[in-house]
>>> print(open('start-v2.pdb').read())   # PDB, C-alpha atoms
ATOM      1  CA  MET A1156       4.459  -8.238  22.953
ATOM      2  CA  ASP A1157       4.302 -12.004  23.463
ATOM      3  CA  PRO A1158       3.866 -13.901  20.142
ATOM      4  CA  ILE A1159       0.661 -15.591  21.314
ATOM      5  CA  GLU A1160      -0.749 -12.257  22.464
ATOM      6  CA  ARG A1161       0.062 -10.859  19.007
ATOM      7  CA  ILE A1162      -1.831 -13.673  17.307
ATOM      8  CA  ASP A1163      -4.754 -13.215  19.689
ATOM      9  CA  LYS A1164      -4.917  -9.462  19.032
ATOM     10  CA  ALA A1165      -4.409  -9.754  15.264
ATOM     11  CA  THR A1166      -7.043 -12.450  14.836
ATOM     12  CA  ALA A1167      -9.482 -10.602  17.133
ATOM     13  CA  PHE A1168      -9.029  -7.532  14.942
ATOM     14  CA  ALA A1169      -9.462  -9.612  11.780
ATOM     15  CA  ALA A1170     -12.591 -11.216  13.259
ATOM     16  CA  GLU A1171     -14.206  -7.783  13.486
ATOM     17  CA  LYS A1172     -13.463  -7.111   9.827
ATOM     18  CA  VAL A1173     -14.801 -10.529   8.768
ATOM     19  CA  LYS A1174     -17.981  -9.878  10.805
ATOM     20  CA  GLY A1175     -18.394  -6.654   8.814
ATOM     21  CA  VAL A1176     -18.664  -8.439   5.466
ATOM     22  CA  ALA A1177     -22.140  -8.439   3.921
ATOM     23  CA  GLY A1178     -23.305 -11.324   1.746
ATOM     24  CA  ASN A1179     -23.506  -9.085  -1.328
ATOM     25  CA  GLN A1180     -19.792  -8.195  -0.965
ATOM     26  CA  LEU A1181     -18.384 -11.708  -1.428
ATOM     27  CA  SER A1182     -17.651 -11.230  -5.136
ATOM     28  CA  LYS A1183     -15.815  -7.916  -4.664
ATOM     29  CA  SER A1184     -12.156  -7.815  -5.610
ATOM     30  CA  THR A1185      -9.555  -7.327  -2.879
ATOM     31  CA  PRO A1186      -6.138  -5.625  -2.788
ATOM     32  CA  CYS A1187      -4.696  -9.160  -2.723
ATOM     33  CA  SER A1188      -5.011  -9.733  -6.471
ATOM     34  CA  GLU A1189      -5.416 -13.515  -6.343
ATOM     35  CA  PHE A1190      -8.554 -13.312  -4.154
ATOM     36  CA  ASP A1191     -12.035 -11.908  -4.243
ATOM     37  CA  VAL A1192     -13.672 -11.469  -0.814
ATOM     38  CA  ARG A1193     -15.134 -14.998  -0.800
ATOM     39  CA  SER A1194     -11.850 -16.696  -1.662
ATOM     40  CA  LEU A1195      -9.955 -14.481   0.790
ATOM     41  CA  LEU A1196     -12.357 -15.458   3.588
ATOM     42  CA  ASN A1197     -11.920 -19.117   2.641
ATOM     43  CA  HIS A1198      -8.146 -18.593   2.765
ATOM     44  CA  VAL A1199      -8.043 -16.962   6.210
ATOM     45  CA  ILE A1200     -10.701 -19.180   7.809
ATOM     46  CA  GLY A1201      -9.118 -22.296   6.309
ATOM     47  CA  GLY A1202      -5.712 -21.002   7.370
ATOM     48  CA  LEU A1203      -6.884 -20.861  10.979
ATOM     49  CA  ALA A1204      -7.769 -24.558  10.799
ATOM     50  CA  MET A1205      -4.382 -25.402   9.272
ATOM     51  CA  LEU A1206      -2.535 -23.436  11.964
ATOM     52  CA  THR A1207      -4.577 -25.066  14.727
ATOM     53  CA  THR A1208      -3.770 -28.564  13.473
ATOM     54  CA  ALA A1209      -0.066 -27.723  13.210
ATOM     55  CA  ALA A1210      -0.044 -26.098  16.668
ATOM     56  CA  ARG A1211      -1.515 -29.315  18.075
ATOM     57  CA  GLY A1212       1.489 -31.220  16.723
ATOM     58  CA  GLU A1213      -0.226 -32.759  13.707
ATOM     59  CA  LYS A1214       0.433 -32.120  10.019
ATOM     60  CA  GLY A1215      -1.608 -29.128   8.987
ATOM     61  CA  ALA A1216      -3.345 -29.144   5.625
ATOM     62  CA  MET A1217      -5.195 -26.314   3.974
ATOM     63  CA  PRO A1218      -8.878 -27.277   3.964
ATOM     64  CA  GLU A1219     -10.556 -27.345   0.583
ATOM     65  CA  GLY A1220     -13.878 -25.850  -0.440
ATOM     66  CA  ASP A1221     -15.965 -23.284   1.344
ATOM     67  CA  GLN A1222     -14.850 -22.693   4.923
ATOM     68  CA  PHE A1223     -17.875 -20.688   6.004
ATOM     69  CA  GLY A1224     -21.624 -20.790   5.853
ATOM     70  CA  SER A1225     -24.100 -17.945   6.070
ATOM     71  CA  ASP A1226     -22.138 -16.225   8.865
ATOM     72  CA  PRO A1227     -18.428 -16.001   8.005
ATOM     73  CA  GLY A1228     -17.790 -13.902  11.115
ATOM     74  CA  ALA A1229     -19.034 -16.676  13.389
ATOM     75  CA  ASP A1230     -17.041 -19.292  11.470
ATOM     76  CA  TYR A1231     -13.871 -17.187  11.697
ATOM     77  CA  GLU A1232     -14.424 -16.628  15.428
ATOM     78  CA  ARG A1233     -14.951 -20.354  16.068
ATOM     79  CA  ARG A1234     -11.741 -21.280  14.248
ATOM     80  CA  ARG A1235      -9.899 -18.415  15.954
ATOM     81  CA  ALA A1236     -10.965 -19.705  19.385
ATOM     82  CA  GLU A1237      -9.698 -23.187  18.453
ATOM     83  CA  LEU A1238      -6.314 -21.741  17.448
ATOM     84  CA  ILE A1239      -5.986 -19.681  20.634
ATOM     85  CA  ALA A1240      -6.798 -22.792  22.689
ATOM     86  CA  ALA A1241      -4.167 -24.822  20.810
ATOM     87  CA  LEU A1242      -1.602 -22.080  21.433
ATOM     88  CA  GLY A1243      -2.060 -22.590  25.164
ATOM     89  CA  ALA A1244      -0.196 -25.920  25.100
ATOM     90  CA  ASP A1245       3.193 -26.046  26.798
ATOM     91  CA  GLY A1246       6.078 -25.496  24.392
ATOM     92  CA  VAL A1247       3.855 -24.888  21.380
ATOM     93  CA  LEU A1248       6.188 -22.226  19.967
ATOM     94  CA  ASP A1249       9.332 -24.201  20.812
ATOM     95  CA  ARG A1250       8.667 -27.119  18.494
ATOM     96  CA  ASN A1251       8.276 -27.441  14.747
ATOM     97  CA  TRP A1252       4.931 -27.072  13.044
ATOM     98  CA  GLU A1253       4.188 -29.072   9.903
ATOM     99  CA  ILE A1254       2.256 -27.215   7.242
ATOM    100  CA  PRO A1255       1.729 -28.064   3.564
ATOM    101  CA  PHE A1256       4.623 -25.992   2.249
ATOM    102  CA  ALA A1257       7.233 -26.555   4.989
ATOM    103  CA  THR A1258       8.117 -27.609   8.502
ATOM    104  CA  MET A1259       8.900 -24.483  10.491
ATOM    105  CA  PRO A1260       9.591 -23.543  14.096
ATOM    106  CA  GLY A1261       6.428 -22.594  15.962
ATOM    107  CA  ALA A1262       7.855 -19.150  16.722
ATOM    108  CA  VAL A1263       8.274 -18.481  12.984
ATOM    109  CA  MET A1264       4.742 -19.678  12.297
ATOM    110  CA  ALA A1265       3.478 -17.321  15.005
ATOM    111  CA  ASN A1266       5.088 -14.456  13.094
ATOM    112  CA  ILE A1267       3.533 -15.616   9.835
ATOM    113  CA  ALA A1268       0.113 -15.861  11.490
ATOM    114  CA  LEU A1269       0.430 -12.276  12.725
ATOM    115  CA  MET A1270       1.390 -11.076   9.259
ATOM    116  CA  GLU A1271      -1.327 -13.072   7.472
ATOM    117  CA  HIS A1272      -4.244 -12.099   9.645
ATOM    118  CA  LEU A1273      -3.304  -8.446  10.083
ATOM    119  CA  THR A1274      -2.632  -7.943   6.375
ATOM    120  CA  HIS A1275      -5.720  -9.827   5.248
ATOM    121  CA  ALA A1276      -7.857  -7.940   7.792
ATOM    122  CA  TRP A1277      -6.787  -4.790   5.958
ATOM    123  CA  ASP A1278      -7.577  -6.450   2.611
ATOM    124  CA  VAL A1279     -11.080  -7.378   3.801
ATOM    125  CA  ALA A1280     -11.683  -3.905   5.218
ATOM    126  CA  LYS A1281     -10.473  -2.174   2.049
ATOM    127  CA  ALA A1282     -12.526  -4.416  -0.245
ATOM    128  CA  THR A1283     -15.724  -4.004   1.763
ATOM    129  CA  GLY A1284     -15.542  -0.296   2.581
ATOM    130  CA  GLN A1285     -14.759  -0.734   6.276
ATOM    131  CA  ASP A1286     -12.336   1.363   8.313
ATOM    132  CA  THR A1287      -8.837   0.268   7.272
ATOM    133  CA  ALA A1288      -7.006   1.665  10.299
ATOM    134  CA  LEU A1289      -4.914  -1.083  11.890
ATOM    135  CA  PRO A1290      -3.927  -1.156  15.579
ATOM    136  CA  ALA A1291      -0.673   0.823  15.808
ATOM    137  CA  ASP A1292       0.954  -1.640  18.204
ATOM    138  CA  LEU A1293       0.313  -4.538  15.820
ATOM    139  CA  VAL A1294       1.582  -2.517  12.857
ATOM    140  CA  ALA A1295       4.858  -1.840  14.704
ATOM    141  CA  GLU A1296       5.219  -5.499  15.703
ATOM    142  CA  CYS A1297       4.384  -6.719  12.211
ATOM    143  CA  LEU A1298       6.896  -4.387  10.565
ATOM    144  CA  GLN A1299       9.605  -5.810  12.830
ATOM    145  CA  VAL A1300       8.549  -9.343  11.913
ATOM    146  CA  VAL A1301       8.188  -8.979   8.135
ATOM    147  CA  THR A1302      11.187  -6.822   7.302
ATOM    148  CA  PRO A1303      13.688  -9.689   7.749
ATOM    149  CA  MET A1304      11.390 -11.970   5.698
ATOM    150  CA  ASP A1305      11.596  -9.777   2.594
ATOM    151  CA  ALA A1306      13.143 -12.409   0.302
ATOM    152  CA  MET A1307      10.666 -15.106   1.388
ATOM    153  CA  LEU A1308       7.716 -12.732   0.901
ATOM    154  CA  ARG A1309       8.734 -12.035  -2.690
ATOM    155  CA  THR A1310       8.511 -15.728  -3.593
ATOM    156  CA  PRO A1311       5.851 -16.154  -6.318
ATOM    157  CA  GLY A1312       2.416 -16.676  -4.783
ATOM    158  CA  VAL A1313       3.290 -15.121  -1.417
ATOM    159  CA  CYS A1314       3.228 -11.329  -1.849
ATOM    160  CA  GLY A1315       3.697  -8.987  -4.708
ATOM    161  CA  PRO A1316       6.682  -6.685  -4.903
ATOM    162  CA  ALA A1317       6.961  -4.046  -2.212
ATOM    163  CA  ILE A1318       5.658  -0.637  -3.225
ATOM    164  CA  LYS A1319       7.975   2.307  -2.614
ATOM    165  CA  MET A1320       6.676   4.808  -0.084
ATOM    166  CA  ALA A1321       7.869   8.257   0.907
ATOM    167  CA  GLY A1322       9.972   8.338   4.073
ATOM    168  CA  ASP A1323       7.308  10.351   5.869
ATOM    169  CA  ALA A1324       4.542   7.810   5.147
ATOM    170  CA  SER A1325       2.695   6.413   8.146
ATOM    171  CA  GLU A1326       3.900   3.150   9.662
ATOM    172  CA  GLN A1327       0.680   1.501   8.499
ATOM    173  CA  ASP A1328       1.167   2.695   4.923
ATOM    174  CA  LYS A1329       4.764   1.436   5.032
ATOM    175  CA  LEU A1330       3.561  -1.987   6.199
ATOM    176  CA  ILE A1331       0.792  -2.227   3.611
ATOM    177  CA  ALA A1332       3.167  -1.142   0.841
ATOM    178  CA  PHE A1333       5.825  -3.592   2.027
ATOM    179  CA  MET A1334       3.197  -6.329   1.740
ATOM    180  CA  GLY A1335       2.718  -5.409  -1.940
ATOM    181  CA  ARG A1336      -0.480  -3.407  -1.628
ATOM    182  CA  GLN A1337      -1.248   0.184  -2.529
ATOM    183  CA  PRO A1338      -2.203   1.948   0.728
TER
END
>>> encode(input="start-v2.pdb", output="structure tokens")
Amino acid sequence: MDPIERIDKATAFAAEKVKGVAGNQLSKSTPCSEFDVRSLLNHVIGGLAMLTTAARGEKGAMPEGDQFGSDPGADYERRRAELIAALGADGVLDRNWEIPFATMPGAVMANIALMEHLTHAWDVAKATGQDTALPADLVAECLQVVTPMDAMLRTPGVCGPAIKMAGDASEQDKLIAFMGRQP
């Protein structure tokens, strides 16, 4: 699958999970231990803005404060549309993107965006009682992307340690466990 198509599909999937969050669920804890639902939504919605800025060739910064109003689903969708539009520029994945923690090739950032939004969609779904089934094609693509990034993912503040899974576990459970979450 094309990297931009992966981002489009992963963020569209995540948008559905964000739309499913009720106002009374914002203080619920998530499988990502550093975030409750509110702070996780701020992270992913703010992350879309950072990625968009970097994709446009500017230095991306993580926005501060609340990134959504009374309708986080609409705010996520608006930022998602801005990112998808920015990804339409010629050569966007061929040049470096500047983000707060590094300057990285656009193709690498596309992989990170896939991982972030697919994994955090699962976090949101799990925390808010939504269906946690992820699209199988995105799970397969994400596993291929994250496996070589194991050392980087174990850096403090990125992901927790991978959880061991039985060899016959589903691909989704293997991905979720690899990302440091209990499936």
>>> residues_around(input="start-v2.pdb", residues="Ala1317 (chain A)", least_positions_apart="4", cutoff="7 Å", atoms="all atoms listed in the file", output="list in words")
Ala1332, Phe1333, Met1334 and Gly1335 of chain A
>>> residues_around(input="start-v2.pdb", residues="Gly1201 (chain A)", least_positions_apart="3", cutoff="10 Å", atoms="all atoms listed in the file", output="list of chain:residue names")
A:Leu1195, A:Leu1196, A:Asn1197, A:His1198, A:Ala1204, A:Met1205, A:Leu1206, A:Thr1207, A:Ala1216, A:Met1217, A:Pro1218, A:Glu1219, A:Gly1220, A:Asp1221, A:Gln1222, A:Phe1223, A:Asp1230, A:Tyr1231, A:Arg1234
>>> resolve_selection(input="start-v2.pdb", expression="the PyMOL selection byres ((chain A and resi 1258-1264) around 9)", output="list of chain:residue names")
A:Pro1158, A:Leu1206, A:Ala1209, A:Ala1210, A:Gly1246, A:Val1247, A:Leu1248, A:Asp1249, A:Arg1250, A:Asn1251, A:Trp1252, A:Glu1253, A:Ile1254, A:Pro1255, A:Phe1256, A:Ala1257, A:Ala1265, A:Asn1266, A:Ile1267, A:Ala1268, A:Leu1269
>>> write_last_selection(input="start-v2.pdb", atoms="C-alpha atoms", output="short mmCIF file (atom, residue, chain, number, x, y, z; two decimals), in the coordinates of the input")
data_model
loop_
_atom_site.label_atom_id
_atom_site.label_comp_id
_atom_site.auth_asym_id
_atom_site.auth_seq_id
_atom_site.Cartn_x
_atom_site.Cartn_y
_atom_site.Cartn_z
CA PRO A 1158 3.87 -13.90 20.14
CA LEU A 1206 -2.54 -23.44 11.96
CA ALA A 1209 -0.07 -27.72 13.21
CA ALA A 1210 -0.04 -26.10 16.67
CA GLY A 1246 6.08 -25.50 24.39
CA VAL A 1247 3.86 -24.89 21.38
CA LEU A 1248 6.19 -22.23 19.97
CA ASP A 1249 9.33 -24.20 20.81
CA ARG A 1250 8.67 -27.12 18.49
CA ASN A 1251 8.28 -27.44 14.75
CA TRP A 1252 4.93 -27.07 13.04
CA GLU A 1253 4.19 -29.07 9.90
CA ILE A 1254 2.26 -27.22 7.24
CA PRO A 1255 1.73 -28.06 3.56
CA PHE A 1256 4.62 -25.99 2.25
CA ALA A 1257 7.23 -26.56 4.99
CA ALA A 1265 3.48 -17.32 15.00
CA ASN A 1266 5.09 -14.46 13.09
CA ILE A 1267 3.53 -15.62 9.84
CA ALA A 1268 0.11 -15.86 11.49
CA LEU A 1269 0.43 -12.28 12.72
#
>>> closest_residue(input="start-v2.pdb", among="A:Lys1319, A:Arg1235, A:Arg1336, A:Lys1281", to="Ala1165 (chain A)", atoms="all atoms listed in the file")
A:Arg1235
>>> resolve_selection(input="start-v2.pdb", expression="the PyMOL selection byres ((chain A and resi 1160) around 12)", output="MDAnalysis selection string")
chainID A and resid 1156:1159 1161:1167 1239 1242:1243 1265:1266 1268:1269 1292:1293 1296
>>> resolve_selection(input="start-v2.pdb", expression="the PyMOL selection byres ((chain A and resi 1276) around 10)", output="ChimeraX atom specification")
/A:1165-1173,1195-1196,1199,1270-1275,1277-1282,1287-1289
>>> closest_residue(input="start-v2.pdb", among="A:Gly1228, A:Arg1309, A:Gly1202, A:Ala1324", to="Gly1178 (chain A)", atoms="only C-alpha atoms")
A:Gly1228
>>> atom_distance(input="start-v2.pdb", atom1="CA of Ala1295 (chain A)", atom2="CA of Glu1232 (chain A)")
24.3 Å
>>> atom_distance(input="start-v2.pdb", atom1="CA of Asp1305 (chain A)", atom2="CA of Ile1331 (chain A)")
13.2 Å
>>> closest_residue(input="start-v2.pdb", among="A:Leu1308, A:Ile1200, A:Gln1285, A:Ala1240", to="Gly1224 (chain A)", atoms="all atoms listed in the file")
A:Ile1200
>>> atom_distance(input="start-v2.pdb", atom1="CA of Met1304 (chain A)", atom2="CA of Gly1215 (chain A)")
21.8 Å
>>> closest_residue(input="start-v2.pdb", among="A:Phe1190, A:Met1307, A:Cys1297, A:Thr1302", to="Gln1327 (chain A)", atoms="all atoms listed in the file")
A:Cys1297
>>> build_atoms(input="start-v2.pdb", residues="region 1284-1295 of chain A", atoms="all heavy atoms", output="CSV table (one decimal), in the frame of the given file")
chain,number,residue,atom,x,y,z
A,1284,GLY,N,-15.2,-1.7,2.2
A,1284,GLY,CA,-15.5,-0.3,2.6
A,1284,GLY,C,-15.5,-0.1,4.1
A,1284,GLY,O,-16.1,0.9,4.6
A,1285,GLN,N,-14.9,-0.9,4.8
A,1285,GLN,CA,-14.8,-0.7,6.3
A,1285,GLN,C,-13.6,0.2,6.6
A,1285,GLN,O,-12.7,0.4,5.7
A,1285,GLN,CB,-14.6,-2.1,7.0
A,1285,GLN,CG,-15.8,-3.0,6.8
A,1285,GLN,CD,-15.5,-4.3,7.5
A,1285,GLN,OE1,-15.3,-4.4,8.7
A,1285,GLN,NE2,-15.5,-5.4,6.8
A,1286,ASP,N,-13.5,0.6,7.8
A,1286,ASP,CA,-12.3,1.4,8.3
A,1286,ASP,C,-11.1,0.5,8.2
A,1286,ASP,O,-11.0,-0.6,8.7
A,1286,ASP,CB,-12.6,1.7,9.8
A,1286,ASP,CG,-11.5,2.6,10.4
A,1286,ASP,OD1,-10.5,3.0,9.6
A,1286,ASP,OD2,-11.5,2.9,11.6
A,1287,THR,N,-10.1,1.0,7.5
A,1287,THR,CA,-8.8,0.3,7.3
A,1287,THR,C,-7.7,0.6,8.3
A,1287,THR,O,-6.6,0.0,8.2
A,1287,THR,CB,-8.3,0.5,5.9
A,1287,THR,OG1,-8.1,1.9,5.7
A,1287,THR,CG2,-9.2,0.0,4.8
A,1288,ALA,N,-8.0,1.4,9.3
A,1288,ALA,CA,-7.0,1.7,10.3
A,1288,ALA,C,-6.7,0.4,11.1
A,1288,ALA,O,-7.6,-0.3,11.6
A,1288,ALA,CB,-7.5,2.8,11.2
A,1289,LEU,N,-5.4,0.1,11.2
A,1289,LEU,CA,-4.9,-1.1,11.9
A,1289,LEU,C,-4.4,-0.6,13.3
A,1289,LEU,O,-3.9,0.5,13.4
A,1289,LEU,CB,-3.8,-1.8,11.1
A,1289,LEU,CG,-4.1,-2.3,9.7
A,1289,LEU,CD1,-2.8,-2.8,9.1
A,1289,LEU,CD2,-5.1,-3.4,9.8
A,1290,PRO,N,-4.5,-1.5,14.3
A,1290,PRO,CA,-3.9,-1.2,15.6
A,1290,PRO,C,-2.4,-0.8,15.5
A,1290,PRO,O,-1.6,-1.6,15.0
A,1290,PRO,CB,-4.2,-2.4,16.4
A,1290,PRO,CG,-5.3,-3.1,15.7
A,1290,PRO,CD,-5.1,-2.8,14.3
A,1291,ALA,N,-2.1,0.4,16.0
A,1291,ALA,CA,-0.7,0.8,15.8
A,1291,ALA,C,0.3,-0.1,16.4
A,1291,ALA,O,1.4,-0.3,15.9
A,1291,ALA,CB,-0.5,2.2,16.4
A,1292,ASP,N,0.0,-0.7,17.6
A,1292,ASP,CA,1.0,-1.6,18.2
A,1292,ASP,C,1.2,-2.9,17.3
A,1292,ASP,O,2.3,-3.4,17.2
A,1292,ASP,CB,0.5,-2.0,19.6
A,1292,ASP,CG,-0.8,-2.7,19.7
A,1292,ASP,OD1,-1.7,-2.6,18.8
A,1292,ASP,OD2,-1.1,-3.3,20.7
A,1293,LEU,N,0.1,-3.4,16.7
A,1293,LEU,CA,0.3,-4.5,15.8
A,1293,LEU,C,1.1,-4.2,14.5
A,1293,LEU,O,1.9,-5.0,14.0
A,1293,LEU,CB,-1.0,-5.2,15.5
A,1293,LEU,CG,-1.8,-5.9,16.6
A,1293,LEU,CD1,-3.1,-6.4,16.2
A,1293,LEU,CD2,-0.9,-7.0,17.2
A,1294,VAL,N,0.8,-3.0,14.0
A,1294,VAL,CA,1.6,-2.5,12.9
A,1294,VAL,C,3.1,-2.5,13.2
A,1294,VAL,O,3.9,-3.0,12.4
A,1294,VAL,CB,1.1,-1.1,12.4
A,1294,VAL,CG1,2.0,-0.5,11.4
A,1294,VAL,CG2,-0.3,-1.2,11.8
A,1295,ALA,N,3.4,-1.9,14.3
A,1295,ALA,CA,4.9,-1.8,14.7
A,1295,ALA,C,5.5,-3.2,14.9
A,1295,ALA,O,6.6,-3.5,14.4
A,1295,ALA,CB,5.0,-1.0,16.0
